[in-house]
Amino acid sequence: VMPLDEPPEGIPIMSSWKYHGNTNPDMGGVVDGMVNGKYWRTMPLKPKTDVDYGNVIVDVFDQKHFLRDDVAHLESTSLTEAPPGVPTATNPFLAGGGLYFQIYNDTYDNNTDGAFVSIIMDWKFGDEKRRNFYGGHLITDTKGRKYFMENEHKFWPPHYLNKYSMAARARLPSLDDGTTVLDVLKAEAKEGYTKGALGPCISIPRLLYGSREDETKNSNSAPEGFDENDFVTLRYRYHAPKGEFEASKFGKTIIDVSRVPIKALQTKALNIHRPLMYYCRQDPTRYSVSL
């Protein structure tokens with residue numbers, strides 16, 4: 001499925017969406033979100049439907065929806081700094097019903113800059129306000145107090161539009177033409193895809209393959225003289241739907257440590273999936289444009 005930057009004519013846009021998997025392997029999951037300002041939940045999707053930003057999903061009743069790139073939208077509408085009189089919140093994390101963060105310019109309780117505070121939000125799990133919790137935007141607690149979430153995302157490299165990412169994917173050479181990885185990198189640099197544009201930490205989405213074997217057996221995909229059953233990547237070809245986090249979980253990263261300050265490498269890594277919080281993006285995976 002080719003991703004799009006804009007929905008096809010007549011297809012409604014779903015924003016603030018989330019995919020919910022189905023334990024029945026013969027039935028797709030459902031997606032809920034906002035359509036024309038109202039909450040909407042699809043019927044089960046057709047089997048083998050990939051749920052990804054910029055794609056059109058189809059349910060069993062042939063109802064179609066275009067999945068908006070929510071992250072790109074939130075980045076494009078973010079503020080560069082806090083409005084006058086509004087405190088800034090950094091390093092947030094949720095625990096129970098509270099939101100904890102470091103506060104700066106506390107005009108409410110006069111806490112010192114950098115102090116950890118907690119506030120109570122009226123968020124419900126999975127609701128629109130929680131899904132739109134993103135740096136560069138304002139949040140409001142149950143007391144009506146507003147806070148500006150630090151826009152750390154402005155320091156991250158921007159996403160390329162889908163059409164540019166797909167063009168780069170189409171330029172990849174075939175496996176047997178003798179082109180090396182270095183040749184590809186040099187060619188992409190001429191196209192403007194330099195390391196400075198990509199940033200030092202690249203996130204790679206993960207896709208879970210199960211133990212179900214290929215049942216077609218129409219041809220042997222292994223090199224001559226070999227049996228494809230001896231190769232795990234050829235024997236098992238069924239994977240979880242793209243976008244189903246419950247199955248594939250978190251991806252992994254590749255970091256160019258030569259572009260990361262020594263000080264950042266001396267701190268304890270958060271986890272293997274996002275070892276450097278500041279440099280590694282934490283946003284939904286984009287399978288359709290992954291190389």
# chains A, B, ... in the order shown; residues from 1 in each chain; ligands from 1
$ residues_around --residues "region 235-237 of chain A" --least-positions-apart "2" --cutoff "8 Å" --atoms "only C-alpha atoms" --output "PyMOL selection string"
chain A and resi 209-214+228-233+239
$ select_by_dssp --residues "region 25-234 of chain A" --states "strand (DSSP E)" --output "number ranges by chain"
A: 30-35, 38-41, 56-58, 64-67, 88-95, 98-104, 115-120, 138-140, 146-149, 201-204
$ closest_residue --among "A:Asn22, A:Asn55, A:Thr180, A:Ser16" --to "Phe133 (chain A)" --atoms "only C-alpha atoms"
A:Ser16
$ closest_atom_pairs --of "region 119-183 of chain A" --to "region 63-86 of chain A" --cutoff "7 Å" --atoms "only C-alpha atoms" --output "JSON lines"
{"residue": "A:Gly136", "atom": "CA", "partner": "A:Ser78", "partner_atom": "CA", "distance": 4.5}
{"residue": "A:His137", "atom": "CA", "partner": "A:Ser78", "partner_atom": "CA", "distance": 5.6}
{"residue": "A:Lys146", "atom": "CA", "partner": "A:Val86", "partner_atom": "CA", "distance": 6.5}
{"residue": "A:Tyr147", "atom": "CA", "partner": "A:Val86", "partner_atom": "CA", "distance": 5.8}
{"residue": "A:Phe148", "atom": "CA", "partner": "A:Ala82", "partner_atom": "CA", "distance": 5.5}
{"residue": "A:Asn151", "atom": "CA", "partner": "A:Thr80", "partner_atom": "CA", "distance": 6.8}
$ closest_residue --among "A:Ile120, A:Met43, A:Leu138, A:Val60" --to "Pro87 (chain A)" --atoms "only C-alpha atoms"
A:Leu138
